[in-house]
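Asks: Next up, input_10.cif (mmCIF, C-alpha atoms).
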data_data
loop_
_atom_site.label_atom_id
_atom_site.label_comp_id
_atom_site.auth_asym_id
_atom_site.auth_seq_id
_atom_site.Cartn_x
_atom_site.Cartn_y
_atom_site.Cartn_z
CA MET A 1 28.34 -4.75 -1.09
CA SER A 2 28.76 -1.43 -2.82
CA MET A 3 29.83 1.42 -0.59
CA PHE A 4 27.73 3.81 -2.65
CA LYS A 5 24.62 1.81 -2.30
CA LYS A 6 21.63 3.70 -0.94
CA ASP A 7 20.45 2.67 2.52
CA GLU A 8 18.88 -0.70 2.01
CA TYR A 9 15.30 -1.14 2.92
CA THR A 10 13.09 -4.11 2.56
CA HIS A 11 9.58 -3.16 1.67
CA GLU A 12 7.78 -6.29 2.77
CA VAL A 13 4.24 -6.43 1.60
CA GLU A 14 2.29 -6.90 4.79
CA THR A 15 -1.43 -7.56 5.01
CA VAL A 16 -3.35 -6.84 8.18
CA ILE A 17 -7.03 -7.58 8.73
CA GLY A 18 -7.89 -5.53 11.78
CA PRO A 19 -10.55 -6.20 14.41
CA SER A 20 -14.15 -5.34 13.38
CA VAL A 21 -13.35 -6.15 9.78
CA LYS A 22 -14.87 -9.13 8.00
CA VAL A 23 -13.38 -10.72 4.89
CA GLU A 24 -15.38 -13.05 2.66
CA GLY A 25 -14.00 -15.00 -0.29
CA ASP A 26 -10.71 -16.41 -1.51
CA PHE A 27 -8.09 -14.37 0.27
CA SER A 28 -4.58 -14.91 -0.97
CA ALA A 29 -1.46 -12.86 -0.24
CA GLN A 30 2.22 -13.07 -1.07
CA GLY A 31 3.62 -11.43 2.06
CA ASN A 32 3.04 -11.88 5.76
CA VAL A 33 -0.59 -11.82 6.89
CA THR A 34 -1.96 -10.83 10.28
CA ILE A 35 -5.62 -11.48 11.06
CA GLU A 36 -7.32 -9.87 14.03
CA GLY A 37 -10.84 -9.81 12.58
CA SER A 38 -12.87 -12.53 10.89
CA LEU A 39 -12.51 -14.34 7.59
CA SER A 40 -14.59 -16.91 5.76
CA GLY A 41 -13.77 -18.66 2.49
CA LYS A 42 -10.17 -19.61 1.79
CA LEU A 43 -6.93 -18.22 3.18
CA ARG A 44 -3.57 -18.63 1.52
CA THR A 45 -0.19 -16.96 2.01
CA GLU A 46 3.29 -18.00 0.98
CA GLN A 47 4.76 -16.29 4.04
CA HIS A 48 3.96 -16.14 7.74
CA LEU A 49 0.41 -16.07 9.04
CA THR A 50 -0.44 -14.60 12.43
CA VAL A 51 -3.93 -15.14 13.82
CA GLY A 52 -4.73 -12.93 16.81
CA SER A 53 -6.55 -14.14 19.91
CA GLU A 54 -9.83 -12.41 18.94
CA ALA A 55 -9.72 -13.57 15.31
CA LYS A 56 -12.21 -16.08 13.89
CA ILE A 57 -11.52 -17.93 10.66
CA TRP A 58 -13.93 -20.25 8.86
CA ALA A 59 -11.65 -21.37 6.07
CA ASN A 60 -9.08 -23.87 4.93
CA VAL A 61 -5.71 -22.28 5.55
CA VAL A 62 -2.48 -22.70 3.59
CA ALA A 63 0.61 -20.80 4.77
CA GLY A 64 4.40 -20.83 4.81
CA SER A 65 4.42 -20.77 8.61
CA ALA A 66 1.82 -19.79 11.18
CA ALA A 67 1.30 -18.63 14.74
CA ILE A 68 -2.29 -19.06 15.88
CA ALA A 69 -3.89 -17.59 18.96
CA GLY A 70 -7.50 -17.34 17.71
CA GLU A 71 -10.12 -19.72 16.35
CA ILE A 72 -9.90 -21.58 13.06
CA GLN A 73 -12.63 -23.84 11.74
CA GLY A 74 -11.02 -25.54 8.77
CA ASN A 75 -7.97 -27.53 7.80
CA ILE A 76 -4.52 -26.00 8.21
CA LYS A 77 -1.61 -26.83 5.95
CA VAL A 78 1.70 -25.16 6.81
CA GLN A 79 5.02 -25.69 5.00
CA GLU A 80 7.20 -25.00 8.03
CA GLY A 81 6.41 -24.38 11.68
CA LEU A 82 2.94 -24.10 13.20
CA GLU A 83 2.54 -22.62 16.65
CA LEU A 84 -0.67 -22.89 18.63
CA ALA A 85 -0.83 -20.47 21.54
CA SER A 86 -2.72 -21.26 24.73
CA THR A 87 -5.77 -19.33 23.45
CA ALA A 88 -5.83 -21.13 20.07
CA ARG A 89 -8.93 -23.12 19.08
CA VAL A 90 -8.51 -25.24 15.98
CA PHE A 91 -11.32 -27.42 14.60
CA GLY A 92 -9.85 -29.18 11.61
CA ASP A 93 -6.95 -31.28 10.41
CA VAL A 94 -3.43 -29.96 10.76
CA LYS A 95 -0.44 -30.64 8.53
CA ALA A 96 2.95 -29.05 9.23
CA SER A 97 6.68 -29.78 9.39
CA VAL A 98 6.94 -28.73 13.02
CA LEU A 99 4.11 -28.27 15.52
CA SER A 100 4.27 -26.49 18.83
CA ILE A 101 1.22 -26.53 21.10
CA ALA A 102 0.98 -24.45 24.26
CA ALA A 103 -0.90 -25.78 27.28
CA GLY A 104 -4.55 -24.83 27.03
CA ALA A 105 -4.78 -24.84 23.25
CA VAL A 106 -7.72 -26.67 21.71
CA LEU A 107 -7.12 -28.93 18.72
CA HIS A 108 -9.87 -31.15 17.32
CA GLY A 109 -8.61 -32.90 14.21
CA LYS A 110 -6.01 -35.16 12.73
CA CYS A 111 -2.38 -34.14 12.97
CA GLN A 112 0.25 -34.91 10.37
CA ILE A 113 3.57 -33.54 11.54
CA GLY A 114 7.05 -33.97 10.06
CA GLU A 115 8.23 -35.67 6.89
CA GLU A 116 5.93 -38.05 5.08
CA GLN A 117 8.73 -40.49 4.14
CA ARG A 118 8.76 -43.56 6.34
CA SER A 119 11.32 -46.39 6.41
CA ARG A 120 10.25 -49.92 5.49
CA PRO A 121 11.14 -52.97 7.56
CA GLU A 122 14.20 -54.58 6.02
CA LYS A 123 13.99 -58.15 4.73
CA PRO A 124 16.10 -60.80 6.50
CA GLY A 125 19.34 -61.60 4.70
CA THR A 126 20.01 -58.07 3.49
CA GLY A 127 21.83 -54.99 4.81
CA ALA A 128 21.88 -53.96 8.44
CA ALA A 129 19.68 -56.73 9.74
CA GLU A 130 22.23 -59.32 8.60
CA ALA A 131 25.12 -57.37 10.21
CA VAL A 132 23.31 -57.26 13.54
CA ASP A 133 22.74 -61.02 13.38
CA THR A 134 26.45 -61.63 12.71
CA GLU A 135 27.48 -59.50 15.70
CA ALA A 136 25.09 -61.39 17.95
CA THR A 137 26.52 -64.76 16.85
CA GLU A 138 30.14 -63.63 17.50
CA GLN A 139 29.27 -62.64 21.07
CA MET B 1 12.35 22.11 -23.05
CA TYR B 2 10.91 22.95 -19.64
CA LEU B 3 7.42 24.20 -18.86
CA TYR B 4 6.86 25.78 -15.42
CA LEU B 5 3.31 25.84 -14.11
CA TYR B 6 2.83 28.35 -11.28
CA ASP B 7 -0.15 27.85 -9.00
CA SER B 8 -2.42 30.87 -8.65
CA PHE B 9 -1.70 31.20 -4.90
CA LEU B 10 1.84 32.26 -5.82
CA ASN B 11 0.43 35.58 -7.10
CA HIS B 12 0.37 36.68 -3.47
CA LYS B 13 3.12 39.20 -2.89
CA LYS B 14 4.58 37.24 0.04
CA TYR B 15 5.91 34.69 -2.48
CA GLY B 16 7.48 37.36 -4.74
CA THR B 17 11.00 37.08 -3.33
CA THR B 18 10.97 33.26 -3.35
CA ILE B 19 9.80 33.16 -6.97
CA ALA B 20 12.48 35.66 -7.99
CA ARG B 21 15.19 33.55 -6.28
CA ILE B 22 13.91 30.37 -7.97
CA GLU B 23 13.84 31.99 -11.40
CA THR B 24 17.41 33.28 -10.97
CA LYS B 25 18.61 29.86 -9.89
CA LEU B 26 16.88 28.12 -12.81
CA THR B 27 18.45 30.54 -15.28
CA ASP B 28 21.89 30.08 -13.67
CA MET B 29 21.57 26.32 -13.98
CA GLY B 30 20.46 26.54 -17.59
CA ILE B 31 17.10 24.90 -17.00
CA GLY B 32 14.88 27.92 -17.51
CA GLY B 33 11.77 27.57 -19.65
CA LYS B 34 8.30 28.81 -20.40
CA ILE B 35 6.26 29.99 -17.42
CA ILE B 36 2.47 29.70 -17.27
CA ARG B 37 0.46 30.95 -14.34
CA LEU B 38 -2.51 28.73 -13.63
CA SER B 39 -5.96 30.09 -13.04
CA PRO B 40 -9.34 28.41 -12.55
CA LEU B 41 -10.36 29.67 -15.98
CA ARG B 42 -7.69 27.71 -17.84
CA ASN B 43 -8.28 24.13 -18.88
CA LEU B 44 -5.14 22.49 -17.58
CA LYS B 45 -5.42 19.32 -19.66
CA GLU B 46 -5.78 21.23 -22.93
CA LEU B 47 -3.02 23.65 -21.99
CA ILE B 48 -0.53 20.87 -21.20
CA ALA B 49 -1.47 18.89 -24.31
CA GLU B 50 -0.84 22.01 -26.40
CA GLU B 51 2.57 22.59 -24.82
CA ILE B 52 3.59 18.93 -25.22
CA GLY B 53 2.65 19.27 -28.87
CA SER B 54 5.01 22.20 -29.18
CA GLY B 55 7.97 20.24 -27.79
CA VAL B 56 7.80 20.41 -23.99
CA LYS B 57 9.54 17.40 -22.43
CA THR B 58 9.54 18.38 -18.75
CA VAL B 59 6.57 19.87 -16.90
CA VAL B 60 7.51 21.42 -13.56
CA VAL B 61 4.82 22.15 -11.00
CA VAL B 62 5.59 25.19 -8.85
CA GLY B 63 3.16 25.01 -5.94
CA ASN B 64 1.91 22.45 -3.44
CA ASP B 65 0.16 19.05 -3.24
CA LYS B 66 -3.04 20.44 -4.73
CA THR B 67 -1.18 21.76 -7.78
CA ILE B 68 0.63 18.45 -8.27
CA ASN B 69 -2.59 16.46 -8.02
CA GLU B 70 -4.26 18.68 -10.64
CA VAL B 71 -1.34 18.33 -13.04
CA VAL B 72 -0.96 14.54 -12.56
CA ASN B 73 -4.26 13.98 -14.37
CA ALA B 74 -3.02 15.93 -17.36
CA VAL B 75 0.48 14.43 -17.69
CA THR B 76 -0.08 10.75 -16.81
CA GLY B 77 0.52 8.55 -19.82
CA GLN B 78 2.07 11.44 -21.81
CA ASP B 79 5.66 11.49 -23.03
CA VAL B 80 6.79 14.03 -20.43
CA VAL B 81 8.64 14.07 -17.15
CA LEU B 82 7.05 15.72 -14.12
CA GLY B 83 9.14 17.85 -11.77
CA ILE B 84 8.21 19.72 -8.59
CA ILE B 85 9.33 22.96 -7.00
CA PRO B 86 7.44 22.93 -3.69
CA ILE B 87 6.51 26.30 -2.21
CA GLY B 88 4.45 27.08 0.87
CA PRO B 89 2.65 24.65 3.18
CA ASP B 90 0.99 21.32 2.25
CA ASN B 91 3.89 19.80 0.37
CA THR B 92 3.69 16.25 1.67
CA ILE B 93 4.10 14.65 -1.77
CA ALA B 94 7.35 16.54 -2.37
CA THR B 95 8.58 15.40 1.07
CA ALA B 96 7.87 11.76 0.20
CA MET B 97 9.69 12.29 -3.11
CA GLY B 98 12.72 13.71 -1.30
CA ILE B 99 12.43 17.14 -2.91
CA PRO B 100 13.43 20.13 -0.78
CA THR B 101 11.36 23.32 -0.83
CA ASN B 102 11.86 26.64 -2.64
CA GLU B 103 15.07 27.28 -4.62
CA GLU B 104 16.79 24.18 -3.17
CA ALA B 105 14.44 22.12 -5.34
CA CYS B 106 16.20 23.52 -8.44
CA MET B 107 19.23 21.33 -7.62
CA THR B 108 17.02 18.22 -7.54
CA LEU B 109 15.47 19.30 -10.82
CA ALA B 110 18.87 19.73 -12.45
CA ALA B 111 20.11 16.36 -11.13
CA ARG B 112 17.23 14.68 -13.02
CA ILE B 113 16.87 11.41 -11.12
CA ILE B 114 13.89 10.10 -13.06
CA ILE B 115 11.82 7.15 -11.91
CA ASN B 116 8.58 5.63 -13.09
CA LEU B 117 5.82 5.85 -10.52
CA ASP B 118 2.56 3.95 -10.25
CA VAL B 119 -0.58 6.01 -10.53
CA GLY B 120 -4.03 5.12 -9.30
CA LYS B 121 -7.01 5.26 -11.61
CA ILE B 122 -10.50 5.78 -10.25
CA ASN B 123 -13.17 5.33 -12.92
CA ASN B 124 -11.54 7.46 -15.65
CA ALA B 125 -9.49 9.86 -13.53
CA TYR B 126 -5.93 9.44 -12.27
CA PHE B 127 -4.70 10.12 -8.76
CA LEU B 128 -1.25 10.16 -7.22
CA SER B 129 -1.74 10.11 -3.43
CA GLY B 130 -4.97 8.33 -2.69
CA VAL B 131 -8.71 8.06 -2.43
CA HIS B 132 -10.64 8.72 0.77
CA VAL B 133 -14.07 7.51 1.84
CA ALA B 134 -15.65 9.24 4.80
CA GLU B 135 -17.24 7.31 7.66
CA SER B 136 -19.99 5.25 6.04
CA THR B 137 -21.11 1.70 5.35
CA VAL B 138 -19.38 0.35 2.28
CA GLU B 139 -18.17 -2.95 0.86
CA ILE B 140 -14.72 -3.19 -0.65
CA HIS B 141 -14.30 -5.83 -3.34
CA CYS B 142 -10.63 -6.63 -3.89
CA GLU B 143 -9.00 -8.43 -6.84
CA GLN B 144 -12.45 -9.80 -7.80
CA GLN B 145 -11.77 -12.53 -5.27
CA TYR B 146 -12.79 -11.37 -1.84
CA THR B 147 -14.87 -8.73 -0.09
CA VAL B 148 -13.78 -6.67 2.88
CA ILE B 149 -16.58 -5.39 5.09
CA PRO B 150 -15.92 -2.96 7.95
CA GLU B 151 -18.37 -3.93 10.68
CA THR B 152 -19.04 -0.36 11.78
CA SER B 153 -20.01 2.70 9.76
CA GLN B 154 -17.40 4.80 11.57
CA ALA B 155 -14.49 3.40 9.62
CA THR B 156 -12.34 5.72 7.56
CA ILE B 157 -11.26 4.07 4.34
CA THR B 158 -8.36 5.14 2.15
CA VAL B 159 -6.85 3.60 -0.95
CA CYS B 160 -3.28 4.89 -1.09
CA ASN B 161 -0.67 4.97 -3.80
CA ILE B 162 1.74 7.19 -1.87
CA ARG B 163 1.27 7.87 1.78
CA ALA B 164 2.19 11.52 1.45
CA GLY B 165 4.43 12.92 4.15
CA ALA B 166 5.77 9.52 5.16
CA ALA B 167 9.26 9.86 6.52
CA SER B 168 10.27 6.33 5.64
CA SER B 169 9.21 3.43 3.50
CA HIS B 170 8.00 1.58 6.56
CA GLN B 171 5.35 4.21 7.19
CA GLY B 172 4.36 4.67 3.60
CA THR B 173 3.41 2.68 0.59
CA ASN B 174 5.86 2.13 -2.22
CA PRO B 175 4.62 3.78 -5.43
CA GLN B 176 6.81 1.46 -7.49
CA ASP B 177 5.49 -1.92 -6.32
CA GLY B 178 2.49 -2.08 -8.65
CA LEU B 179 0.12 -2.16 -5.69
CA LEU B 180 -2.30 0.16 -3.95
CA GLU B 181 -2.90 -0.11 -0.24
CA VAL B 182 -6.41 -0.27 1.16
CA SER B 183 -6.43 0.94 4.73
CA ILE B 184 -9.35 0.90 7.13
CA ASN B 185 -9.08 2.80 10.38
CA GLN B 186 -11.70 2.41 13.00
CA PRO B 187 -11.88 4.72 15.99
CA ASN B 188 -12.35 2.82 19.19
CA ARG B 189 -14.60 5.06 21.24
CA ARG B 190 -14.27 4.84 24.99
CA GLY B 191 -16.29 6.65 27.63
CA LEU B 192 -19.70 8.29 27.42
CA GLY B 193 -21.06 11.49 25.87
CA PHE B 194 -18.76 14.48 26.22
CA PHE B 195 -16.07 12.33 27.80
CA GLN B 196 -16.01 9.94 24.87
CA ARG B 197 -12.48 9.44 23.63
CA LYS B 198 -11.54 8.32 20.17
CA GLN B 199 -8.69 5.86 19.99
CA SER B 200 -7.55 4.15 16.86
CA ALA B 201 -8.28 0.43 16.96
CA GLY B 202 -6.07 -1.90 14.96
CA ALA B 203 -5.88 -0.72 11.39
CA THR B 204 -6.49 -2.92 8.38
CA LEU B 205 -3.95 -2.81 5.56
CA ILE B 206 -4.46 -4.76 2.36
CA PRO B 207 -2.20 -4.39 -0.68
CA CYS B 208 -4.06 -4.97 -3.94
CA LYS B 209 -4.29 -3.97 -7.58
CA HIS B 210 -8.00 -3.80 -8.24
CA VAL B 211 -10.65 -2.43 -5.88
CA ILE B 212 -14.37 -1.76 -6.26
CA ILE B 213 -16.08 0.23 -3.52
CA LYS B 214 -19.84 -0.28 -3.32
CA SER B 215 -22.54 0.85 -0.96
CA LYS B 216 -26.32 0.63 -0.67
CA GLN B 217 -26.66 4.42 -0.59
CA PRO B 218 -24.33 6.62 -2.70
CA VAL B 219 -21.32 7.65 -0.64
CA SER B 220 -18.79 10.39 -1.45
CA VAL B 221 -15.31 9.29 -2.49
CA VAL B 222 -12.68 12.05 -2.59
CA THR B 223 -9.60 11.66 -4.77
CA ASP B 224 -6.42 13.51 -3.81
CA ASP B 225 -8.63 16.04 -1.94
CA LEU B 226 -9.74 17.33 -5.35
CA ARG B 227 -12.60 15.47 -6.95
CA VAL B 228 -15.68 14.04 -5.31
CA LEU B 229 -17.18 10.92 -6.86
CA LYS B 230 -20.07 8.76 -5.73
CA THR B 231 -20.04 5.02 -5.14
CA PRO B 232 -19.78 2.59 -6.83
CA VAL B 233 -16.24 3.35 -7.96
CA THR B 234 -13.63 1.14 -9.60
CA ILE B 235 -10.01 1.71 -8.64
CA ASN B 236 -6.98 0.23 -10.38
CA VAL B 237 -3.25 0.76 -10.24
CA VAL B 238 -1.49 1.79 -13.44
CA PRO B 239 2.12 0.65 -12.91
CA GLY B 240 4.89 3.06 -13.93
CA ALA B 241 2.53 5.45 -15.73
CA LEU B 242 4.15 8.65 -14.44
CA ARG B 243 7.77 9.65 -15.02
CA MET B 244 8.89 11.89 -12.23
CA ILE B 245 12.04 13.72 -11.09
CA VAL B 246 12.75 12.75 -7.48
CA GLY B 247 15.36 13.47 -4.85
CA LYS B 248 17.93 11.16 -3.30
CA ASN B 249 16.18 11.30 0.07
CA ARG B 250 12.85 9.95 -1.12
CA SER B 251 10.95 7.71 1.27
CA PHE B 252 10.78 4.61 -0.95
#
So, in terms of structure tokens, how does the structure I just supplied come out?

Replies:
Amino acid sequence: MSMFKKDEYTHEVETVIGPSVKVEGDFSAQGNVTIEGSLSGKLRTEQHLTVGSEAKIWANVVAGSAAIAGEIQGNIKVQEGLELASTARVFGDVKASVLSIAAGAVLHGKCQIGEEQRSRPEKPGTGAAEAVDTEATEQ
Amino acid sequence: MYLYLYDSFLNHKKYGTTIARIETKLTDMGIGGKIIRLSPLRNLKELIAEEIGSGVKTVVVVGNDKTINEVVNAVTGQDVVLGIIPIGPDNTIATAMGIPTNEEACMTLAARIIINLDVGKINNAYFLSGVHVAESTVEIHCEQQYTVIPETSQATITVCNIRAGAASSHQGTNPQDGLLEVSINQPNRRGLGFFQRKQSAGATLIPCKHVIIKSKQPVSVVTDDLRVLKTPVTINVVPGALRMIVGKNRSF
């Protein structure tokens, strides 16, 4: 790092929808988004989404990560972690890498958590299954 | 070649000594130039265009925020650099740009740190700081994709390019990010009648490039505290349209 470099600052583009503000339409942002008011349509951010306890969202939501304390009526798709606080009310399907649900949270919908890749049962006579069989015979 | 535009309020004798000190310093530093004293009777746009035609490359505003905002409309998009020598009160833009007041600004001017700044455009006029809508019922259409509707008529709406007077980037918008910031502040009134207290409820902040403000009844929209327009208005950001001399201690 250069010793002459000006004091570093990170100007993160932050979007905040305050209480008593209504948003209608396709809302997409590149930075972090905080919603305390209401939103209907679509909601998309590449970064973190925070939904306050008084917020109401009628939209399909796509985000990098999310912490939800309010109400969402729509499907949620999160790349990383999704946190549902005790006041959260979600009516829709949820897809995330990691899900954390606090006691008291409401979730009505299908959950798809973690990696999609699943292992297949191995055929007899190949690989690990055969090795296990051999060990069993020796004993 | 430098052109110095003195605001008319500097004709007051209390500024005489300061002006004399500034002029001496400019001459000492070899950045003296033509001086024009502004007056309401002069057409600023024509005057600046004439001077640019005769070879002016740097236009220096000697005055305050109001003077800068007037000159911004005339120099945006032109092949000139804008400098500031802030004098007197109401110099929040200069503060955000890291420019000290009075003769100390001459050092900043001579150092010539030039950056390209975004400028806002409302209908056909440019603005540097922002646009302000008084408490009224309006709809804000952003990016032609979504509409923001304040649920009360008591909201104060601003569309900022630079949050003048901001001490740090975290408090202000960055006039180099190619974005404007729509902010909606709603007072949260508590109590009754005379005892009613205004408290700021959570503010709304939305960065965007294209904004249309509409309303059922025409509402006044004030740009940089100078011009008053009526809704509907279209607001865009013009990235890097203004070349400006700034200080090292600027807020962005």

Asks: Give me the residues near range 61-72 of chain B as a PyMOL selection string, where near means some atom within 8 Å (using all atoms listed in the file) and where sequence neighbours in that chain fewer than 5 positions away do not count.

Replies: chain B and resi 4-7+9-10+44-45+82-94+126-129+224-226

Asks: Using all atoms listed in the file and a distance of at most 8 Å, pull out the residues of chain B that contact chain A, as a list in words.

Replies: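 The answer, sorted by residue number, is Gln145, Tyr146, Thr147, Val148, Ile149, Pro150, Glu151, Thr152, Ser169, His170, Asn174, Ala201, Gly202, Ala203, Thr204, Leu205, Ile206 and Pro207 of chain B.
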
Asks: Take the PyMOL selection byres ((chain A and resi 99-114) around 6), run it mentally on this structure, and tell me the resulting residues as a list in words.

Replies: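 With the shown file as input, the PyMOL selection byres ((chain A and resi 99-114) around 6) matches Gly81, Leu82, Glu83, Leu84, Ala85, Ser86, Thr87, Ala88, Arg89, Val90, Phe91, Gly92, Asp93, Val94, Lys95, Ala96, Ser97, Val98 and Glu115 of chain A.
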
Asks: Give me, as a ChimeraX atom specification, all polymer residues having an atom no more than 12 Å from Ile162 in chain B, counting all atoms listed in the file and skipping those fewer than 5 positions away in the same chain.

Replies: /B:69,92-97,117-120,127-131,167-182,224,237,250-252

Asks: Go through B:Thr137, B:Asn116, B:Thr58, B:Ser39 and flag the residue nearest Ser215 in chain B, using all atoms listed in the file for the distances.

Replies: B:Thr137

Asks: I'd like the residues picked by the PyMOL selection byres ((chain A and resi 64) around 6) written out as JSON, numbers by chain, using the chain letters and numbers from the file.

Replies: {"A": [46, 47, 48, 63, 65, 78, 79, 80]}

Asks: Could you tell me, as a count of residues only, exactly which residues end up selected when the PyMOL selection byres ((chain B and resi 222) around 12) is applied to this structure?

Replies: 27

Asks: Within 8 Å of (-9.6, -18.9, 9.7), only C-alpha atoms: residues as a list of chain:residue names?

Replies: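 Checked against the point, the hits come out as A:Ser38, A:Leu39, A:Ser40, A:Lys42, A:Leu43, A:Val51, A:Ala55, A:Lys56, A:Ile57, A:Trp58, A:Ala59, A:Asn60, A:Val61, A:Glu71, A:Ile72, A:Gln73, A:Gly74.
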
Asks: So how far away is CA of Ile113 in chain B from CA of Gly247 in chain B, in Å?

Replies: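 So the two atoms, CA of Gly247 in chain B and CA of Ile113 in chain B, lie 6.8 Å apart.
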
Asks: Just give me the gap between CA of Asp28 in chain B and CA of Met1 in chain B in Å, one decimal is fine.

Replies: 15.6 Å
